[in-house]
file my_file-v7.cif (mmCIF, C-alpha atoms)
data_my_file
#
loop_
_atom_site.label_atom_id
_atom_site.label_comp_id
_atom_site.auth_asym_id
_atom_site.auth_seq_id
_atom_site.Cartn_x
_atom_site.Cartn_y
_atom_site.Cartn_z
CA MET D 1 -7.74 -23.72 -6.99
CA PRO D 2 -10.19 -21.86 -4.76
CA ASP D 3 -12.04 -18.84 -6.04
CA PHE D 4 -10.66 -15.49 -4.96
CA GLU D 5 -11.98 -12.01 -5.27
CA VAL D 6 -9.65 -10.32 -7.73
CA THR D 7 -8.59 -6.79 -6.85
CA ASP D 8 -7.39 -4.41 -9.54
CA LEU D 9 -4.16 -2.80 -8.30
CA GLY D 10 -3.71 -0.73 -11.42
CA PRO D 11 -0.36 -0.20 -13.05
CA ALA D 12 2.72 0.22 -10.88
CA ASP D 13 5.26 2.98 -11.41
CA HIS D 14 8.04 0.38 -11.29
CA LEU D 15 11.58 0.35 -12.59
CA GLU D 16 11.78 -0.81 -16.20
CA ALA D 17 14.30 -2.53 -18.46
CA GLY D 18 17.39 -0.34 -18.86
CA GLU D 19 17.10 1.19 -15.39
CA GLU D 20 19.37 0.27 -12.51
CA VAL D 21 18.10 -1.33 -9.30
CA PRO D 22 19.35 0.40 -6.12
CA ASP D 23 22.16 -1.50 -4.42
CA VAL D 24 20.39 -2.13 -1.13
CA THR D 25 21.65 -4.06 1.90
CA ARG D 26 19.24 -6.27 3.82
CA PRO D 27 19.37 -9.60 5.68
CA LEU D 28 19.84 -12.34 3.07
CA VAL D 29 18.22 -15.43 4.53
CA THR D 30 18.71 -19.14 3.87
CA ASP D 31 17.24 -22.05 5.79
CA GLU D 32 20.41 -22.14 7.93
CA PHE D 33 21.39 -18.52 8.67
CA TRP D 34 21.18 -14.92 7.57
CA GLU D 35 23.61 -12.08 7.15
CA ASN D 36 23.44 -8.53 5.87
CA ARG D 37 24.33 -8.57 2.17
CA SER D 38 24.05 -6.02 -0.58
CA LEU D 39 22.29 -6.88 -3.81
CA SER D 40 25.54 -6.29 -5.71
CA ASP D 41 27.17 -8.99 -3.55
CA VAL D 42 24.71 -11.64 -4.66
CA VAL D 43 24.08 -10.97 -8.35
CA ALA D 44 25.75 -13.39 -10.76
CA ASP D 45 29.14 -12.16 -11.98
CA GLU D 46 28.22 -13.38 -15.43
CA GLY D 47 24.77 -14.10 -16.74
CA ARG D 48 21.50 -13.03 -15.21
CA THR D 49 20.14 -12.90 -11.70
CA ILE D 50 16.39 -13.32 -11.32
CA LEU D 51 14.87 -11.26 -8.50
CA VAL D 52 11.52 -12.75 -7.46
CA CYS D 53 9.38 -10.45 -5.32
CA THR D 54 6.47 -11.91 -3.39
CA PRO D 55 3.95 -10.81 -0.79
CA MET D 56 4.68 -11.56 2.84
CA ILE D 57 6.01 -15.01 3.62
CA GLY D 58 3.17 -17.09 4.95
CA SER D 59 0.76 -15.88 2.29
CA PHE D 60 -0.60 -18.52 -0.07
CA ALA D 61 0.78 -16.50 -3.00
CA ALA D 62 4.39 -16.61 -1.80
CA LYS D 63 4.23 -20.35 -1.15
CA TYR D 64 2.53 -21.05 -4.47
CA ILE D 65 5.03 -18.97 -6.48
CA TYR D 66 8.15 -20.49 -4.93
CA ASP D 67 6.74 -24.01 -5.18
CA GLU D 68 5.93 -23.39 -8.86
CA LEU D 69 9.46 -22.11 -9.57
CA ASP D 70 10.88 -25.18 -7.84
CA GLU D 71 8.62 -27.57 -9.80
CA ARG D 72 9.57 -25.87 -13.06
CA GLY D 73 13.27 -26.28 -12.27
CA TRP D 74 14.11 -22.58 -12.37
CA PHE D 75 16.69 -23.03 -9.61
CA ASP D 76 18.59 -25.54 -11.74
CA ARG D 77 18.41 -23.49 -14.95
CA ALA D 78 19.01 -19.92 -13.82
CA ASP D 79 22.44 -18.39 -13.17
CA ARG D 80 21.09 -17.16 -9.82
CA ILE D 81 17.69 -16.61 -8.21
CA VAL D 82 17.12 -14.48 -5.14
CA GLY D 83 13.84 -13.52 -3.50
CA LEU D 84 12.52 -10.41 -1.78
CA THR D 85 9.65 -10.17 0.69
CA ALA D 86 8.31 -7.96 3.47
CA ALA D 87 8.95 -10.35 6.36
CA THR D 88 11.38 -10.82 9.21
CA PRO D 89 14.48 -12.98 8.82
CA TYR D 90 12.96 -15.43 11.32
CA ALA D 91 9.83 -15.91 9.20
CA VAL D 92 11.83 -16.27 5.98
CA SER D 93 14.24 -18.80 7.52
CA SER D 94 11.35 -20.91 8.82
CA PHE D 95 9.60 -20.76 5.42
CA LEU D 96 12.74 -21.88 3.56
CA ASP D 97 13.41 -24.64 6.07
CA ASP D 98 9.83 -25.94 6.00
CA ASP D 99 9.66 -26.00 2.20
CA GLU D 100 13.30 -27.09 1.65
CA LEU D 101 13.77 -24.45 -1.02
CA PRO D 102 17.28 -24.09 -2.50
CA PHE D 103 17.77 -20.33 -2.57
CA ALA D 104 17.98 -17.19 -0.45
CA ILE D 105 15.45 -14.42 0.16
CA PHE D 106 16.09 -10.83 1.20
CA ALA D 107 14.04 -10.01 4.31
CA ASP D 108 12.72 -6.46 4.12
CA PRO D 109 10.12 -6.07 6.91
CA ALA D 110 9.69 -2.33 6.30
CA ASN D 111 9.17 -2.96 2.56
CA ASP D 112 11.63 -0.18 1.67
CA VAL D 113 13.21 -2.15 -1.17
CA ALA D 114 9.84 -2.75 -2.82
CA GLU D 115 9.18 0.97 -2.45
CA SER D 116 12.46 1.76 -4.26
CA LEU D 117 11.54 -0.68 -7.05
CA GLY D 118 8.11 0.92 -7.42
CA ILE D 119 6.23 -2.27 -6.50
CA ALA D 120 4.99 -1.55 -2.95
CA ASN D 121 1.34 -2.40 -2.37
CA ASP D 122 -0.46 -0.80 0.58
CA LEU D 123 -2.74 -3.39 2.15
CA ASP D 124 -6.41 -2.49 2.45
CA GLY D 125 -7.58 -2.04 6.01
CA MET D 126 -4.06 -2.20 7.48
CA ALA D 127 -2.75 1.29 8.13
CA GLY D 128 0.98 1.59 7.57
CA ILE D 129 1.38 -1.98 6.24
CA SER D 130 2.57 -2.73 2.74
CA GLU D 131 4.14 -5.64 0.89
CA PRO D 132 5.66 -6.14 -2.54
CA ARG D 133 3.45 -6.80 -5.51
CA VAL D 134 4.31 -10.06 -7.19
CA ALA D 135 7.14 -9.16 -9.56
CA VAL D 136 10.02 -10.77 -11.46
CA PHE D 137 13.06 -8.78 -12.56
CA GLY D 138 15.97 -10.00 -14.66
CA LEU D 139 19.18 -8.28 -13.52
CA GLU D 140 22.53 -7.99 -15.24
CA SER D 141 25.72 -8.09 -13.14
CA ASP D 142 25.79 -4.26 -12.93
CA LEU D 143 22.21 -4.25 -11.47
CA THR D 144 20.66 -3.06 -14.74
CA ILE D 145 17.21 -4.50 -15.32
CA ASP D 146 16.93 -6.42 -18.58
CA SER D 147 13.36 -7.60 -18.06
CA ALA D 148 10.52 -6.75 -15.70
CA TRP D 149 7.08 -8.19 -15.00
CA VAL D 150 4.89 -6.71 -12.23
CA SER D 151 1.39 -7.75 -11.22
CA THR D 152 -1.54 -5.41 -11.75
CA GLU D 153 -4.12 -7.51 -9.86
CA TRP D 154 -4.36 -9.39 -6.59
CA PRO D 155 -3.98 -12.31 -6.72
CA GLU D 156 -1.99 -12.52 -9.93
CA PHE D 157 0.77 -14.98 -10.66
CA PRO D 158 3.66 -14.58 -13.05
CA PRO D 159 3.19 -15.75 -16.65
CA TYR D 160 5.73 -18.52 -16.08
CA ASP D 161 5.94 -19.77 -19.68
CA GLU D 162 6.47 -16.27 -21.07
CA LEU D 163 9.06 -15.45 -18.42
CA GLU D 164 10.95 -18.69 -19.05
CA SER D 165 11.35 -17.64 -22.67
CA GLU D 166 12.20 -14.02 -21.84
CA LEU D 167 14.73 -15.01 -19.15
CA GLY D 168 16.38 -17.73 -21.24
CA LEU D 169 15.20 -20.63 -19.06
CA GLU D 170 13.75 -22.78 -21.84
#
call {"tool": "encode", "arguments": {"input": "my_file-v7.cif", "output": "structure tokens"}}
result
Amino acid sequence: MPDFEVTDLGPADHLEAGEEVPDVTRPLVTDEFWENRSLSDVVADEGRTILVCTPMIGSFAAKYIYDELDERGWFDRADRIVGLTAATPYAVSSFLDDDELPFAIFADPANDVAESLGIANDLDGMAGISEPRVAVFGLESDLTIDSAWVSTEWPEFPPYDELESELGLE
């Protein structure tokens, strides 16, 4: 892997286990189409939904994270996985189609959802532009968070082995 300058983002004031995620409505995108859906519409009725938040689609981090989840078989072992990114539905659809990934991603170009989760990251040198920090939330069917991991550096990738254990994906 290439060397990157690591930037300390500091701790995020993000939602924690026991708190409820806001029931937002955004375009939910697959490689075939998108439609406005609320988060409560897509969480698993029983079991856990894993919400994976990544930087903008097209970044190496987003591609690396989703490829890693695919290689590890998370999509086959989780009750449901859904993504979130600050990108347009067009960009997300193209990304999913190009990588043949088997899940849907909420497109949130204004990054409002990340803001409500407490994981928005203002980009240096880009006034008015932000994207989600890398984050993984385990959600119960009532949108209560049962586990949360949020990056504190850029780039930083999820501790996949630890999360597999915590999220019951072993």
call {"tool": "closest_residue", "arguments": {"input": "my_file-v7.cif", "among": "D:Arg133, D:Lys63, D:Arg48, D:Arg26", "to": "Gly118 (chain D)", "atoms": "all atoms listed in the file"}}
result
D:Arg133
call {"tool": "atom_distance", "arguments": {"input": "my_file-v7.cif", "atom1": "CA of Val21 (chain D)", "atom2": "CA of Met126 (chain D)"}}
result
27.8 Å
call {"tool": "residues_around", "arguments": {"input": "my_file-v7.cif", "residues": "Val150 (chain D)", "least_positions_apart": "3", "cutoff": "7 Å", "atoms": "all atoms listed in the file", "output": "list in words"}}
result
Arg133, Val134, Ala135 and Val136 of chain D
call {"tool": "atom_distance", "arguments": {"input": "my_file-v7.cif", "atom1": "CA of Ile81 (chain D)", "atom2": "CA of Leu117 (chain D)"}}
result
17.1 Å
call {"tool": "residues_around", "arguments": {"input": "my_file-v7.cif", "residues": "Val113 (chain D)", "least_positions_apart": "5", "cutoff": "9 Å", "atoms": "all atoms listed in the file", "output": "PyMOL selection string"}}
result
chain D and resi 22+24+26+84-86+108+118-120+132
call {"tool": "atom_distance", "arguments": {"input": "my_file-v7.cif", "atom1": "CA of Gly125 (chain D)", "atom2": "CA of Asp8 (chain D)"}}
result
15.7 Å
call {"tool": "closest_residue", "arguments": {"input": "my_file-v7.cif", "among": "D:Gly83, D:Gly168, D:Gly73, D:Gly18", "to": "Val42 (chain D)", "atoms": "all atoms listed in the file"}}
result
D:Gly83
call {"tool": "resolve_selection", "arguments": {"input": "my_file-v7.cif", "expression": "the PyMOL selection byres ((chain D and resi 107) around 10)", "output": "list in words"}}
result
Thr25, Arg26, Pro27, Leu28, Val29, Trp34, Asn36, Met56, Ile57, Gly83, Leu84, Thr85, Ala86, Ala87, Thr88, Pro89, Tyr90, Ala91, Val92, Ser93, Ala104, Ile105, Phe106, Asp108, Pro109, Ala110, Asn111 and Val113 of chain D
call {"tool": "residues_around", "arguments": {"input": "my_file-v7.cif", "residues": "Glu162 (chain D)", "least_positions_apart": "4", "cutoff": "12 Å", "atoms": "all atoms listed in the file", "output": "ChimeraX atom specification"}}
result
/D:136,147-149,157-158,166-170
call {"tool": "residues_around", "arguments": {"input": "my_file-v7.cif", "residues": "region 75-79 of chain D", "least_positions_apart": "3", "cutoff": "10 Å", "atoms": "all atoms listed in the file", "output": "list in words"}}
result
Val43, Ala44, Asp45, Glu46, Gly47, Arg48, Thr49, Ile50, Leu69, Asp70, Glu71, Arg72, Val82, Leu101, Pro102, Phe103, Glu164, Leu167, Gly168, Leu169 and Glu170 of chain D
call {"tool": "write_last_selection", "arguments": {"input": "my_file-v7.cif", "atoms": "C-alpha atoms", "output": "short mmCIF file (atom, residue, chain, number, x, y, z; two decimals), in the coordinates of the input"}}
result
data_model
loop_
_atom_site.label_atom_id
_atom_site.label_comp_id
_atom_site.auth_asym_id
_atom_site.auth_seq_id
_atom_site.Cartn_x
_atom_site.Cartn_y
_atom_site.Cartn_z
CA VAL D 43 24.08 -10.97 -8.35
CA ALA D 44 25.75 -13.39 -10.76
CA ASP D 45 29.14 -12.16 -11.98
CA GLU D 46 28.22 -13.38 -15.43
CA GLY D 47 24.77 -14.10 -16.74
CA ARG D 48 21.50 -13.03 -15.21
CA THR D 49 20.14 -12.90 -11.70
CA ILE D 50 16.39 -13.32 -11.32
CA LEU D 69 9.46 -22.11 -9.57
CA ASP D 70 10.88 -25.18 -7.84
CA GLU D 71 8.62 -27.57 -9.80
CA ARG D 72 9.57 -25.87 -13.06
CA VAL D 82 17.12 -14.48 -5.14
CA LEU D 101 13.77 -24.45 -1.02
CA PRO D 102 17.28 -24.09 -2.50
CA PHE D 103 17.77 -20.33 -2.57
CA GLU D 164 10.95 -18.69 -19.05
CA LEU D 167 14.73 -15.01 -19.15
CA GLY D 168 16.38 -17.73 -21.24
CA LEU D 169 15.20 -20.63 -19.06
CA GLU D 170 13.75 -22.78 -21.84
#
call {"tool": "residues_around", "arguments": {"input": "my_file-v7.cif", "residues": "Glu156 (chain D)", "least_positions_apart": "5", "cutoff": "9 Å", "atoms": "all atoms listed in the file", "output": "PyMOL selection string"}}
result
chain D and resi 6+61+134+151
call {"tool": "residues_near_point", "arguments": {"input": "my_file-v7.cif", "point": "(17.0, -24.0, 7.3)", "cutoff": "8 Å", "atoms": "only C-alpha atoms", "output": "list in words"}}
result
Thr30, Asp31, Glu32, Phe33, Ser93, Ser94, Leu96, Asp97, Asp98 and Glu100 of chain D
call {"tool": "closest_residue", "arguments": {"input": "my_file-v7.cif", "among": "D:Ser130, D:Asn121, D:Ser40, D:Thr144", "to": "Pro11 (chain D)", "atoms": "all atoms listed in the file"}}
result
D:Asn121
